[in-house]
file my_file.txt (compact mmCIF, C-alpha atoms (C1' of nucleotides))
# COMPACT_ATOMS: atom_id res chain seq x y z
CA MET A 1 27.04 -12.38 12.00
CA SER A 2 27.02 -10.76 8.59
CA GLY A 3 23.35 -9.96 7.84
CA ALA A 4 22.85 -6.41 9.01
CA GLN A 5 19.52 -4.71 8.41
CA GLU A 6 20.58 -2.81 5.28
CA ARG A 7 17.79 -1.63 3.06
CA PRO A 8 18.09 -3.22 -0.37
CA LEU A 9 20.21 -1.48 -2.99
CA ARG A 10 18.62 -0.04 -6.06
CA ALA A 11 19.05 -2.29 -9.09
CA ASP A 12 21.68 -0.18 -10.85
CA ALA A 13 23.60 0.28 -7.62
CA ALA A 14 23.75 -3.45 -7.02
CA ARG A 15 24.89 -4.01 -10.60
CA ASN A 16 27.63 -1.40 -10.33
CA ARG A 17 28.82 -2.74 -7.02
CA ALA A 18 29.19 -6.24 -8.42
CA LYS A 19 30.87 -4.97 -11.56
CA LEU A 20 33.34 -2.98 -9.46
CA LEU A 21 34.23 -6.01 -7.38
CA ASP A 22 34.76 -8.15 -10.46
CA THR A 23 36.81 -5.51 -12.23
CA ALA A 24 38.88 -4.70 -9.16
CA THR A 25 39.70 -8.38 -8.71
CA GLN A 26 40.92 -8.63 -12.29
CA VAL A 27 42.81 -5.35 -12.40
CA PHE A 28 44.50 -5.78 -9.03
CA THR A 29 45.57 -9.27 -9.99
CA ALA A 30 46.82 -8.24 -13.40
CA HIS A 31 48.52 -4.94 -12.60
CA GLY A 32 49.12 -5.02 -8.86
CA VAL A 33 47.46 -3.09 -6.06
CA GLY A 34 49.25 0.08 -7.08
CA VAL A 35 46.84 0.87 -9.89
CA PRO A 36 44.98 4.16 -9.45
CA THR A 37 41.39 3.82 -8.31
CA GLU A 38 40.34 5.85 -11.31
CA GLU A 39 41.59 3.12 -13.61
CA ILE A 40 39.41 0.57 -11.89
CA ALA A 41 36.41 2.84 -12.14
CA ARG A 42 37.02 3.39 -15.83
CA ALA A 43 37.49 -0.33 -16.47
CA ALA A 44 34.21 -0.98 -14.68
CA GLY A 45 32.48 1.70 -16.71
CA VAL A 46 31.57 3.95 -13.78
CA GLY A 47 32.82 7.22 -12.34
CA VAL A 48 35.16 7.44 -9.37
CA GLY A 49 32.35 8.93 -7.33
CA THR A 50 30.42 5.71 -7.70
CA LEU A 51 33.41 3.66 -6.69
CA PHE A 52 33.95 5.64 -3.52
CA ARG A 53 30.26 5.57 -2.64
CA HIS A 54 30.35 1.80 -2.59
CA PHE A 55 33.80 1.45 -1.05
CA PRO A 56 34.66 4.48 1.05
CA THR A 57 38.36 3.78 0.76
CA LYS A 58 40.70 2.07 -1.64
CA GLU A 59 41.66 -0.17 1.22
CA ALA A 60 38.00 -1.07 1.76
CA LEU A 61 37.77 -2.14 -1.87
CA LEU A 62 40.89 -4.25 -1.48
CA GLU A 63 39.44 -5.83 1.60
CA ALA A 64 36.14 -6.59 -0.10
CA VAL A 65 38.00 -8.30 -2.93
CA MET A 66 39.99 -10.38 -0.46
CA VAL A 67 36.94 -11.38 1.55
CA ARG A 68 35.20 -12.54 -1.58
CA ARG A 69 38.14 -14.69 -2.63
CA LEU A 70 38.53 -16.15 0.83
CA GLU A 71 34.85 -17.03 0.93
CA ALA A 72 35.12 -18.75 -2.43
CA ILE A 73 38.06 -20.79 -1.21
CA ALA A 74 36.29 -21.66 2.03
CA ALA A 75 33.27 -22.84 0.08
CA GLN A 76 35.39 -25.14 -2.05
CA ALA A 77 37.30 -26.39 0.97
CA ALA A 78 34.02 -27.28 2.66
CA GLN A 79 33.29 -29.72 -0.17
CA LEU A 80 36.30 -31.92 0.50
CA PRO A 81 35.27 -35.17 2.19
CA ALA A 82 37.27 -35.42 5.38
CA GLU A 83 36.04 -38.61 6.94
CA SER A 84 36.63 -41.08 4.18
CA ALA A 85 40.15 -40.07 3.16
CA PRO A 86 41.80 -37.76 5.67
CA ALA A 87 45.18 -37.71 3.99
CA GLU A 88 43.93 -36.91 0.51
CA ALA A 89 41.52 -34.32 1.89
CA PHE A 90 44.34 -32.43 3.56
CA PHE A 91 46.64 -32.51 0.56
CA ASP A 92 43.80 -31.56 -1.75
CA CYS A 93 42.97 -28.63 0.48
CA PHE A 94 46.60 -27.52 0.48
CA ARG A 95 46.66 -27.58 -3.31
CA LEU A 96 43.34 -25.86 -3.53
CA VAL A 97 44.38 -22.95 -1.37
CA VAL A 98 47.66 -22.50 -3.21
CA GLU A 99 46.06 -22.64 -6.62
CA GLN A 100 43.24 -20.30 -5.74
CA SER A 101 45.60 -17.85 -4.11
CA ALA A 102 47.59 -17.07 -7.23
CA GLY A 103 48.31 -13.36 -7.20
CA LYS A 104 46.63 -12.85 -3.85
CA ASN A 105 49.82 -12.60 -1.83
CA GLU A 106 50.38 -9.02 -2.79
CA PHE A 107 46.90 -8.06 -1.60
CA ALA A 108 47.48 -9.45 1.84
CA GLN A 109 50.83 -7.72 2.01
CA ALA A 110 49.34 -4.41 0.97
CA LEU A 111 46.64 -4.69 3.59
CA ALA A 112 49.09 -5.64 6.29
CA ALA A 113 51.35 -2.76 5.30
CA ALA A 114 48.42 -0.41 5.68
CA GLY A 115 48.09 -1.57 9.28
CA VAL A 116 44.86 -3.42 8.71
CA ASP A 117 46.01 -6.61 10.34
CA ALA A 118 42.86 -7.20 12.25
CA HIS A 119 39.93 -6.10 10.13
CA ALA A 120 36.88 -7.96 11.29
CA ALA A 121 35.55 -9.07 7.92
CA LEU A 122 38.89 -10.51 6.83
CA GLN A 123 39.42 -12.10 10.20
CA GLU A 124 36.11 -13.86 9.95
CA SER A 125 36.41 -15.34 6.49
CA SER A 126 40.04 -16.33 6.90
CA SER A 127 39.30 -18.02 10.20
CA THR A 128 36.75 -20.19 8.44
CA ILE A 129 39.48 -21.52 6.19
CA ARG A 130 41.89 -21.84 9.07
CA ALA A 131 39.41 -23.89 11.04
CA ARG A 132 38.78 -26.20 8.11
CA LEU A 133 42.49 -26.56 7.51
CA ALA A 134 43.15 -27.35 11.16
CA GLU A 135 40.50 -30.02 11.07
CA LEU A 136 41.94 -31.63 7.95
CA LEU A 137 45.46 -31.35 9.36
CA THR A 138 44.74 -33.23 12.55
CA GLY A 139 42.80 -35.81 10.57
CA ALA A 140 45.75 -36.39 8.27
CA GLN A 141 48.14 -36.48 11.21
CA ARG A 142 46.00 -39.05 12.98
CA ALA A 143 46.09 -41.12 9.81
CA GLY A 144 49.88 -40.89 9.85
CA ALA A 145 50.06 -39.01 6.55
CA VAL A 146 51.54 -35.76 7.87
CA ARG A 147 54.39 -35.07 10.30
CA PRO A 148 52.87 -35.00 13.77
CA GLU A 149 55.07 -32.16 15.01
CA LEU A 150 53.65 -29.62 12.54
CA GLY A 151 51.21 -27.04 13.85
CA LEU A 152 48.74 -24.89 11.97
CA PRO A 153 51.03 -21.82 11.87
CA GLU A 154 53.76 -23.78 10.11
CA VAL A 155 51.29 -25.22 7.63
CA ILE A 156 49.94 -21.75 6.88
CA ALA A 157 53.46 -20.40 6.47
CA LEU A 158 54.16 -23.22 4.02
CA LEU A 159 50.95 -22.39 2.22
CA VAL A 160 51.99 -18.79 1.79
CA GLY A 161 55.51 -19.78 0.83
CA THR A 162 54.34 -22.31 -1.73
CA THR A 163 52.05 -19.72 -3.27
CA THR A 164 54.99 -17.38 -3.62
CA ALA A 165 57.10 -20.10 -5.17
CA MET A 166 54.34 -20.77 -7.68
CA GLU A 167 54.05 -17.12 -8.60
CA HIS A 168 57.78 -17.07 -9.10
CA LEU A 169 57.64 -19.96 -11.56
CA GLY A 170 55.01 -18.31 -13.70
CA LYS A 171 53.39 -20.57 -16.26
CA ASP A 172 55.84 -23.46 -16.12
CA ALA A 173 53.28 -26.10 -15.22
CA ALA A 174 55.78 -28.93 -15.02
CA GLY A 175 58.03 -26.92 -12.72
CA ARG A 176 55.07 -26.04 -10.51
CA GLU A 177 54.23 -29.69 -10.24
CA ARG A 178 57.79 -30.54 -9.19
CA VAL A 179 57.66 -27.84 -6.52
CA PHE A 180 54.37 -29.22 -5.27
CA ALA A 181 55.96 -32.64 -5.06
CA VAL A 182 58.79 -31.29 -2.91
CA VAL A 183 56.47 -29.57 -0.45
CA LEU A 184 53.80 -32.22 -0.26
CA ASP A 185 56.32 -35.03 0.17
CA GLY A 186 58.13 -32.91 2.74
CA LEU A 187 54.94 -32.69 4.77
CA ARG A 188 54.86 -36.47 5.10
CA PRO A 189 56.59 -38.08 8.07
CA ARG A 190 60.17 -39.23 7.54
CA MET B 1 83.35 -5.36 -15.56
CA SER B 2 82.90 -3.28 -12.42
CA GLY B 3 86.09 -1.23 -12.05
CA ALA B 4 85.41 1.97 -13.94
CA GLN B 5 87.97 4.78 -13.91
CA GLU B 6 86.10 6.96 -11.36
CA ARG B 7 88.18 9.58 -9.62
CA PRO B 8 88.23 8.99 -5.88
CA LEU B 9 85.45 10.51 -3.76
CA ARG B 10 86.23 13.19 -1.27
CA ALA B 11 86.45 11.83 2.29
CA ASP B 12 83.14 13.25 3.51
CA ALA B 13 81.38 12.12 0.35
CA ALA B 14 82.61 8.56 0.78
CA ARG B 15 81.51 8.61 4.42
CA ASN B 16 78.05 9.89 3.55
CA ARG B 17 77.62 7.37 0.78
CA ALA B 18 78.44 4.48 3.08
CA LYS B 19 76.22 5.83 5.83
CA LEU B 20 73.35 6.18 3.38
CA LEU B 21 73.71 2.60 2.22
CA ASP B 22 73.75 1.30 5.77
CA THR B 23 70.82 3.41 6.84
CA ALA B 24 68.78 2.59 3.76
CA THR B 25 69.32 -1.12 4.35
CA GLN B 26 68.06 -0.84 7.89
CA VAL B 27 65.14 1.46 7.19
CA PHE B 28 63.91 -0.41 4.13
CA THR B 29 64.07 -3.65 6.04
CA ALA B 30 62.33 -2.26 9.09
CA HIS B 31 59.63 -0.12 7.50
CA GLY B 32 59.33 -1.39 3.94
CA VAL B 33 60.36 0.18 0.68
CA GLY B 34 57.53 2.66 0.87
CA VAL B 35 59.34 4.98 3.28
CA PRO B 36 59.93 8.46 1.87
CA THR B 37 63.48 9.13 0.76
CA GLU B 38 63.55 12.11 3.06
CA GLU B 39 63.20 9.82 6.05
CA ILE B 40 66.24 7.84 4.99
CA ALA B 41 68.23 11.01 4.51
CA ARG B 42 67.23 12.26 7.94
CA ALA B 43 68.07 8.92 9.57
CA ALA B 44 71.47 9.04 7.89
CA GLY B 45 72.03 12.60 9.08
CA VAL B 46 72.26 14.15 5.60
CA GLY B 47 70.00 16.26 3.39
CA VAL B 48 67.93 14.84 0.56
CA GLY B 49 70.16 16.65 -1.90
CA THR B 50 73.08 14.53 -0.75
CA LEU B 51 71.08 11.37 -1.05
CA PHE B 52 70.07 12.13 -4.63
CA ARG B 53 73.59 13.15 -5.60
CA HIS B 54 74.87 9.71 -4.61
CA PHE B 55 71.86 7.78 -5.88
CA PRO B 56 70.13 9.66 -8.68
CA THR B 57 66.90 7.80 -8.07
CA LYS B 58 65.16 6.06 -5.21
CA GLU B 59 65.20 2.98 -7.35
CA ALA B 60 68.99 3.30 -7.76
CA LEU B 61 69.36 3.36 -3.99
CA LEU B 62 67.19 0.27 -3.69
CA GLU B 63 69.29 -1.44 -6.29
CA ALA B 64 72.54 -0.52 -4.56
CA VAL B 65 71.23 -1.98 -1.32
CA MET B 66 70.23 -5.18 -3.08
CA VAL B 67 73.53 -5.54 -4.88
CA ARG B 68 75.40 -5.17 -1.63
CA ARG B 69 73.34 -7.87 0.05
CA LEU B 70 73.64 -10.20 -2.89
CA GLU B 71 77.39 -9.74 -2.91
CA ALA B 72 77.55 -10.53 0.80
CA ILE B 73 75.57 -13.71 0.24
CA ALA B 74 77.70 -14.69 -2.73
CA ALA B 75 80.84 -14.21 -0.66
CA GLN B 76 79.54 -16.48 2.06
CA ALA B 77 78.35 -19.04 -0.45
CA ALA B 78 81.81 -19.12 -1.99
CA GLN B 79 83.19 -20.35 1.34
CA LEU B 80 81.18 -23.55 1.37
CA PRO B 81 83.35 -26.56 0.54
CA ALA B 82 81.71 -28.29 -2.38
CA GLU B 83 84.07 -31.15 -3.14
CA SER B 84 84.23 -32.90 0.17
CA ALA B 85 80.53 -32.98 1.04
CA PRO B 86 78.30 -32.09 -1.90
CA ALA B 87 75.03 -32.80 -0.14
CA GLU B 88 75.76 -30.74 2.95
CA ALA B 89 77.19 -27.92 0.87
CA PHE B 90 73.97 -27.63 -1.12
CA PHE B 91 71.70 -27.72 1.90
CA ASP B 92 73.92 -25.29 3.77
CA CYS B 93 73.79 -22.93 0.82
CA PHE B 94 70.02 -23.19 0.69
CA ARG B 95 69.79 -22.30 4.36
CA LEU B 96 72.30 -19.54 3.99
CA VAL B 97 70.43 -17.82 1.21
CA VAL B 98 67.10 -18.09 3.02
CA GLU B 99 68.47 -16.79 6.27
CA GLN B 100 70.35 -13.91 4.70
CA SER B 101 67.37 -12.93 2.60
CA ALA B 102 65.08 -12.12 5.50
CA GLY B 103 63.15 -9.03 4.53
CA LYS B 104 64.70 -8.86 1.10
CA ASN B 105 61.74 -10.28 -0.79
CA GLU B 106 59.93 -7.00 -0.77
CA PHE B 107 62.91 -5.22 -2.31
CA ALA B 108 63.05 -7.55 -5.25
CA GLN B 109 59.33 -7.24 -5.73
CA ALA B 110 59.49 -3.47 -5.65
CA LEU B 111 62.27 -3.44 -8.21
CA ALA B 112 60.46 -5.84 -10.48
CA ALA B 113 57.29 -3.80 -10.18
CA ALA B 114 59.23 -0.72 -11.26
CA GLY B 115 60.14 -2.57 -14.45
CA VAL B 116 63.78 -3.02 -13.56
CA ASP B 117 63.90 -6.69 -14.27
CA ALA B 118 67.16 -6.59 -16.10
CA HIS B 119 69.41 -4.04 -14.44
CA ALA B 120 72.96 -4.95 -15.19
CA ALA B 121 74.39 -4.65 -11.68
CA LEU B 122 71.70 -6.80 -10.14
CA GLN B 123 71.92 -9.28 -12.94
CA GLU B 124 75.61 -9.68 -12.38
CA SER B 125 75.66 -10.22 -8.65
CA SER B 126 72.61 -12.46 -8.64
CA SER B 127 74.04 -14.58 -11.43
CA THR B 128 77.10 -15.21 -9.28
CA ILE B 129 74.87 -16.77 -6.66
CA ARG B 130 72.87 -18.63 -9.26
CA ALA B 131 76.01 -20.13 -10.75
CA ARG B 132 77.23 -21.25 -7.36
CA LEU B 133 73.87 -22.71 -6.52
CA ALA B 134 73.71 -24.58 -9.81
CA GLU B 135 77.11 -26.05 -9.16
CA LEU B 136 76.16 -27.20 -5.68
CA LEU B 137 72.84 -28.52 -6.94
CA THR B 138 74.33 -30.80 -9.57
CA GLY B 139 76.93 -31.95 -7.08
CA ALA B 140 74.25 -32.92 -4.58
CA GLN B 141 72.20 -34.57 -7.28
CA ARG B 142 75.18 -36.60 -8.44
CA ALA B 143 75.65 -37.69 -4.84
CA GLY B 144 72.03 -38.82 -4.77
CA ALA B 145 71.05 -36.33 -2.07
CA VAL B 146 68.61 -34.24 -4.10
CA ARG B 147 65.81 -35.25 -6.50
CA PRO B 148 67.39 -35.53 -9.92
CA GLU B 149 64.40 -34.06 -11.76
CA LEU B 150 64.72 -30.64 -10.10
CA GLY B 151 66.16 -27.79 -12.14
CA LEU B 152 67.64 -24.51 -10.98
CA PRO B 153 64.43 -22.52 -11.57
CA GLU B 154 62.48 -24.77 -9.25
CA VAL B 155 65.17 -24.57 -6.59
CA ILE B 156 65.18 -20.80 -6.81
CA ALA B 157 61.39 -20.70 -6.60
CA LEU B 158 61.61 -22.86 -3.49
CA LEU B 159 64.25 -20.53 -2.10
CA VAL B 160 61.99 -17.54 -2.55
CA GLY B 161 59.00 -19.42 -1.22
CA THR B 162 60.86 -20.63 1.84
CA THR B 163 62.04 -17.11 2.56
CA THR B 164 58.44 -15.92 2.44
CA ALA B 165 57.34 -18.73 4.73
CA MET B 166 60.04 -17.72 7.21
CA GLU B 167 58.99 -14.10 7.14
CA HIS B 168 55.47 -15.23 7.79
CA LEU B 169 56.50 -17.13 10.91
CA GLY B 170 58.27 -14.17 12.42
CA LYS B 171 60.46 -15.00 15.37
CA ASP B 172 59.16 -18.50 16.09
CA ALA B 173 62.53 -20.22 15.78
CA ALA B 174 61.18 -23.71 16.44
CA GLY B 175 58.49 -23.27 13.80
CA ARG B 176 61.05 -22.02 11.31
CA GLU B 177 63.12 -25.09 11.93
CA ARG B 178 60.15 -27.35 11.31
CA VAL B 179 59.43 -25.54 8.05
CA PHE B 180 63.06 -25.96 7.03
CA ALA B 181 62.78 -29.66 7.78
CA VAL B 182 59.77 -29.97 5.49
CA VAL B 183 61.44 -28.23 2.58
CA LEU B 184 64.88 -29.76 2.93
CA ASP B 185 63.50 -33.28 3.36
CA GLY B 186 61.20 -32.64 0.43
CA LEU B 187 64.21 -31.87 -1.73
CA ARG B 188 65.62 -35.32 -1.11
CA PRO B 189 64.70 -38.14 -3.46
CA ARG B 190 61.74 -40.25 -2.46
C1' DG C 1 96.03 30.12 5.47
C1' DA C 2 94.21 30.86 1.09
C1' DC C 3 91.99 29.33 -2.97
C1' DG C 4 89.60 26.32 -6.28
C1' DA C 5 87.01 22.29 -6.48
C1' DT C 6 83.89 19.31 -4.50
C1' DA C 7 80.08 18.30 -1.74
C1' DC C 8 76.31 19.70 1.33
C1' DG C 9 71.41 21.18 2.93
C1' DG C 10 66.85 21.91 2.48
C1' DA C 11 63.28 25.01 0.47
C1' DC C 12 60.86 24.33 -3.67
C1' DT C 13 58.43 22.24 -7.79
C1' DG C 14 55.66 19.11 -10.56
C1' DG C 15 53.08 15.34 -10.93
C1' DC C 16 50.32 11.91 -9.17
C1' DT C 17 46.39 10.02 -6.59
C1' DA C 18 42.94 9.20 -2.92
C1' DC C 19 38.88 11.21 -1.90
C1' DT C 20 34.83 15.08 -2.05
C1' DC C 21 30.95 17.69 -3.78
C1' DC C 22 27.12 18.86 -6.26
C1' DG C 23 24.43 19.34 -10.57
C1' DT C 24 22.38 15.71 -13.38
C1' DT C 25 20.35 11.22 -14.32
C1' DT C 26 17.92 6.97 -13.25
C1' DG C 27 15.08 3.77 -10.79
C1' DT C 28 10.91 2.95 -8.03
C1' DC C 29 6.34 3.41 -6.38
C1' DC C 30 1.74 5.25 -6.65
C1' DG D 1 3.41 9.38 -16.16
C1' DG D 2 4.87 12.11 -12.44
C1' DA D 3 7.32 12.89 -8.19
C1' DC D 4 10.74 11.77 -4.97
C1' DA D 5 14.59 9.45 -3.35
C1' DA D 6 18.60 7.11 -4.59
C1' DA D 7 22.54 6.87 -7.30
C1' DC D 8 25.63 8.64 -10.84
C1' DG D 9 29.70 11.25 -13.12
C1' DG D 10 33.67 13.62 -13.14
C1' DA D 11 35.85 18.15 -12.30
C1' DG D 12 38.04 19.77 -8.39
C1' DT D 13 40.93 19.63 -3.83
C1' DA D 14 44.43 18.46 -0.68
C1' DG D 15 48.32 16.07 0.55
C1' DC D 16 52.28 13.44 -0.34
C1' DC D 17 56.69 12.45 -2.36
C1' DA D 18 60.53 11.95 -5.89
C1' DG D 19 63.71 14.74 -7.65
C1' DT D 20 66.00 19.86 -8.58
C1' DC D 21 68.64 24.01 -7.68
C1' DC D 22 71.68 27.11 -5.79
C1' DG D 23 73.71 29.63 -1.92
C1' DT D 24 76.76 27.85 1.71
C1' DA D 25 80.16 24.86 3.95
C1' DT D 26 83.99 21.65 3.78
C1' DC D 27 87.98 19.32 1.72
C1' DG D 28 92.46 18.99 -0.28
C1' DT D 29 96.51 21.16 -2.02
C1' DC D 30 100.28 24.57 -2.34
call {"tool": "encode", "arguments": {"input": "my_file.txt", "output": "structure tokens"}}
result
Amino acid sequence: MSGAQERPLRADAARNRAKLLDTATQVFTAHGVGVPTEEIARAAGVGVGTLFRHFPTKEALLEAVMVRRLEAIAAQAAQLPAESAPAEAFFDCFRLVVEQSAGKNEFAQALAAAGVDAHAALQESSSTIRARLAELLTGAQRAGAVRPELGLPEVIALLVGTTTAMEHLGKDAAGRERVFAVVLDGLRPR
Amino acid sequence: MSGAQERPLRADAARNRAKLLDTATQVFTAHGVGVPTEEIARAAGVGVGTLFRHFPTKEALLEAVMVRRLEAIAAQAAQLPAESAPAEAFFDCFRLVVEQSAGKNEFAQALAAAGVDAHAALQESSSTIRARLAELLTGAQRAGAVRPELGLPEVIALLVGTTTAMEHLGKDAAGRERVFAVVLDGLRPR
DNA sequence: GACGATACGGACTGGCTACTCCGTTTGTCC
DNA sequence: GGACAAACGGAGTAGCCAGTCCGTATCGTC
């Protein structure tokens, strides 16, 4: 699916590409997606020309950052043991996604605003997470730990909403925990 | 606090100002805050000069739109009868704010991003709602209908988060209702 | 209906930013 | 170590958009 027959990058090119991705992740998260591309290039220690050679568009860079984060989340989600403890696995996954998504909301919004709703790469890596989440959801529902009437779209909406709530609370760890309690308990059947 | 000694606007000026506010509300909600000011002016049937005479800055226009919405919400919230049924009043208020805030999240974000965290007008009208919400919250908590450990910041974060979740679900009314059920039930004590 | 004050329209400006182009540098392979 | 391709840097370009300016139109008043 992903392995095209690209010839290998030269060593410096590969290094710069990785550095750009890392830097872009940090800078976008810290200062928002509105930062000029030039600032990212400078922070990464390269020229803008280099940035645009690797990512032909600012939007492409944004997308690459998102894909990378989604893949990281998917990898962690894959670790969760579903069979033994379906309920915990689902709730752990919910927490995981929310915690790893801190500051990512704005990215998704920016991409959607740019009319990129259906970019293949994003589609692919997000559907991996969705599939995993669906699996854990039905497991937890079968175990009676989650309201049976909830579908995947509602759970995802709650995921996004909870992330936003967390961002709104900032660093108040105790408050975040109380919000988590509200949502997670709310997911349980009455 | 708000009644300054402005001399009355000329009839056409008052008309244009009102039209601009209405149009801006619609256009910002429909197409996001990124729309060029010129587009709003055109949609309102006036020139950009007129727009900038009434609102010296795009940001000022955004703020005026927000203030107006907040005031509308505050007015509705003031109607809710707190004494007779504290629990219902709180939950109704929660719903009210979420439903009236559809599409407003992005405004607030845009304003915050512009470094306008503490504009007096916004502060004032949002603090009206906050005060009302705090009142209803403690009432509901005293009645045993809401978790006693929750503070106003957490409730507001949940409000914002729920609004986002709703926006994410789009027009799926049944799904929205299920999400509401999760959050509102989660607010109740265990 | 005439006159001063108020408000209007929209061409124009300045600044910002995504993206390009090409002379220079660096890595790779023999 | 030399030669060639690959990659780099950053000044330059084009387009967009918030906000200005002033000649023209409209309002309100006598």
call {"tool": "closest_residue", "arguments": {"input": "my_file.txt", "among": "D:DC8, D:DC27, D:DC21, D:DA3", "to": "DT25 of chain C", "atoms": "all atoms listed in the file"}}
result
D:DC8
call {"tool": "residues_around", "arguments": {"input": "my_file.txt", "residues": "DC17 of chain D", "least_positions_apart": "4", "cutoff": "10 Å", "atoms": "all atoms listed in the file", "output": "ChimeraX atom specification"}}
result
/B:35-38 /C:15-16
call {"tool": "closest_atom_pairs", "arguments": {"input": "my_file.txt", "of": "chain B", "to": "chain D", "cutoff": "12 Å", "atoms": "all atoms listed in the file", "output": "Markdown table"}}
result
| residue | atom | partner | partner_atom | distance |
| --- | --- | --- | --- | --- |
| B:Leu9 | CA | D:DC27 | C1' | 10.7 |
| B:Arg10 | CA | D:DC27 | C1' | 7.0 |
| B:Ala11 | CA | D:DC27 | C1' | 7.7 |
| B:Asp12 | CA | D:DC27 | C1' | 8.0 |
| B:Ala13 | CA | D:DC27 | C1' | 9.9 |
| B:Gly34 | CA | D:DC17 | C1' | 10.3 |
| B:Val35 | CA | D:DC17 | C1' | 9.7 |
| B:Pro36 | CA | D:DC17 | C1' | 6.7 |
| B:Thr37 | CA | D:DA18 | C1' | 7.8 |
| B:Glu38 | CA | D:DC17 | C1' | 8.7 |
| B:Glu39 | CA | D:DC17 | C1' | 11.0 |
| B:Val48 | CA | D:DG19 | C1' | 9.2 |
| B:Gly49 | CA | D:DT20 | C1' | 8.5 |
| B:Thr50 | CA | D:DG19 | C1' | 11.6 |
| B:Leu51 | CA | D:DG19 | C1' | 10.5 |
| B:Phe52 | CA | D:DG19 | C1' | 7.5 |
| B:Arg53 | CA | D:DG19 | C1' | 10.2 |
| B:Phe55 | CA | D:DG19 | C1' | 10.9 |
| B:Pro56 | CA | D:DG19 | C1' | 8.3 |
| B:Thr57 | CA | D:DG19 | C1' | 7.6 |
| B:Lys58 | CA | D:DA18 | C1' | 7.5 |
| B:Glu59 | CA | D:DA18 | C1' | 10.2 |
call {"tool": "closest_atom_pairs", "arguments": {"input": "my_file.txt", "of": "chain A", "to": "chain B", "cutoff": "9 Å", "atoms": "all atoms listed in the file", "output": "JSON lines"}}
result
{"residue": "A:Gly32", "atom": "CA", "partner": "B:Ala113", "partner_atom": "CA", "distance": 8.4}
{"residue": "A:Ala113", "atom": "CA", "partner": "B:Gly32", "partner_atom": "CA", "distance": 8.2}
{"residue": "A:Arg147", "atom": "CA", "partner": "B:Val182", "partner_atom": "CA", "distance": 8.8}
{"residue": "A:Glu149", "atom": "CA", "partner": "B:Arg178", "partner_atom": "CA", "distance": 7.9}
{"residue": "A:Leu150", "atom": "CA", "partner": "B:Arg178", "partner_atom": "CA", "distance": 7.0}
{"residue": "A:Gly151", "atom": "CA", "partner": "B:Gly175", "partner_atom": "CA", "distance": 8.2}
{"residue": "A:Pro153", "atom": "CA", "partner": "B:Leu169", "partner_atom": "CA", "distance": 7.3}
{"residue": "A:Glu154", "atom": "CA", "partner": "B:Gly175", "partner_atom": "CA", "distance": 6.0}
{"residue": "A:Val155", "atom": "CA", "partner": "B:Val179", "partner_atom": "CA", "distance": 8.2}
{"residue": "A:Ile156", "atom": "CA", "partner": "B:Ala165", "partner_atom": "CA", "distance": 8.3}
{"residue": "A:Ala157", "atom": "CA", "partner": "B:Ala165", "partner_atom": "CA", "distance": 4.6}
{"residue": "A:Leu158", "atom": "CA", "partner": "B:Ala165", "partner_atom": "CA", "distance": 5.5}
{"residue": "A:Leu159", "atom": "CA", "partner": "B:Ala165", "partner_atom": "CA", "distance": 7.8}
{"residue": "A:Val160", "atom": "CA", "partner": "B:Ala165", "partner_atom": "CA", "distance": 6.1}
{"residue": "A:Gly161", "atom": "CA", "partner": "B:Gly161", "partner_atom": "CA", "distance": 4.1}
{"residue": "A:Thr162", "atom": "CA", "partner": "B:Gly161", "partner_atom": "CA", "distance": 5.5}
{"residue": "A:Thr163", "atom": "CA", "partner": "B:Gly161", "partner_atom": "CA", "distance": 7.3}
{"residue": "A:Thr164", "atom": "CA", "partner": "B:Gly161", "partner_atom": "CA", "distance": 5.1}
{"residue": "A:Ala165", "atom": "CA", "partner": "B:Gly161", "partner_atom": "CA", "distance": 4.4}
{"residue": "A:Met166", "atom": "CA", "partner": "B:Ala157", "partner_atom": "CA", "distance": 7.1}
{"residue": "A:Glu167", "atom": "CA", "partner": "B:Ala157", "partner_atom": "CA", "distance": 8.4}
{"residue": "A:His168", "atom": "CA", "partner": "B:Ala157", "partner_atom": "CA", "distance": 5.7}
{"residue": "A:Leu169", "atom": "CA", "partner": "B:Ala157", "partner_atom": "CA", "distance": 6.3}
{"residue": "A:Gly175", "atom": "CA", "partner": "B:Glu154", "partner_atom": "CA", "distance": 6.0}
{"residue": "A:Arg176", "atom": "CA", "partner": "B:Glu154", "partner_atom": "CA", "distance": 7.6}
{"residue": "A:Arg178", "atom": "CA", "partner": "B:Leu150", "partner_atom": "CA", "distance": 7.0}
{"residue": "A:Val179", "atom": "CA", "partner": "B:Glu154", "partner_atom": "CA", "distance": 6.3}
{"residue": "A:Ala181", "atom": "CA", "partner": "B:Gly186", "partner_atom": "CA", "distance": 7.6}
{"residue": "A:Val182", "atom": "CA", "partner": "B:Gly186", "partner_atom": "CA", "distance": 4.3}
{"residue": "A:Val183", "atom": "CA", "partner": "B:Gly186", "partner_atom": "CA", "distance": 5.7}
{"residue": "A:Leu184", "atom": "CA", "partner": "B:Gly186", "partner_atom": "CA", "distance": 7.4}
{"residue": "A:Asp185", "atom": "CA", "partner": "B:Gly186", "partner_atom": "CA", "distance": 5.4}
{"residue": "A:Gly186", "atom": "CA", "partner": "B:Gly186", "partner_atom": "CA", "distance": 3.9}
{"residue": "A:Leu187", "atom": "CA", "partner": "B:Val182", "partner_atom": "CA", "distance": 5.6}
{"residue": "A:Arg188", "atom": "CA", "partner": "B:Val182", "partner_atom": "CA", "distance": 8.2}
{"residue": "A:Arg190", "atom": "CA", "partner": "B:Asp185", "partner_atom": "CA", "distance": 8.0}
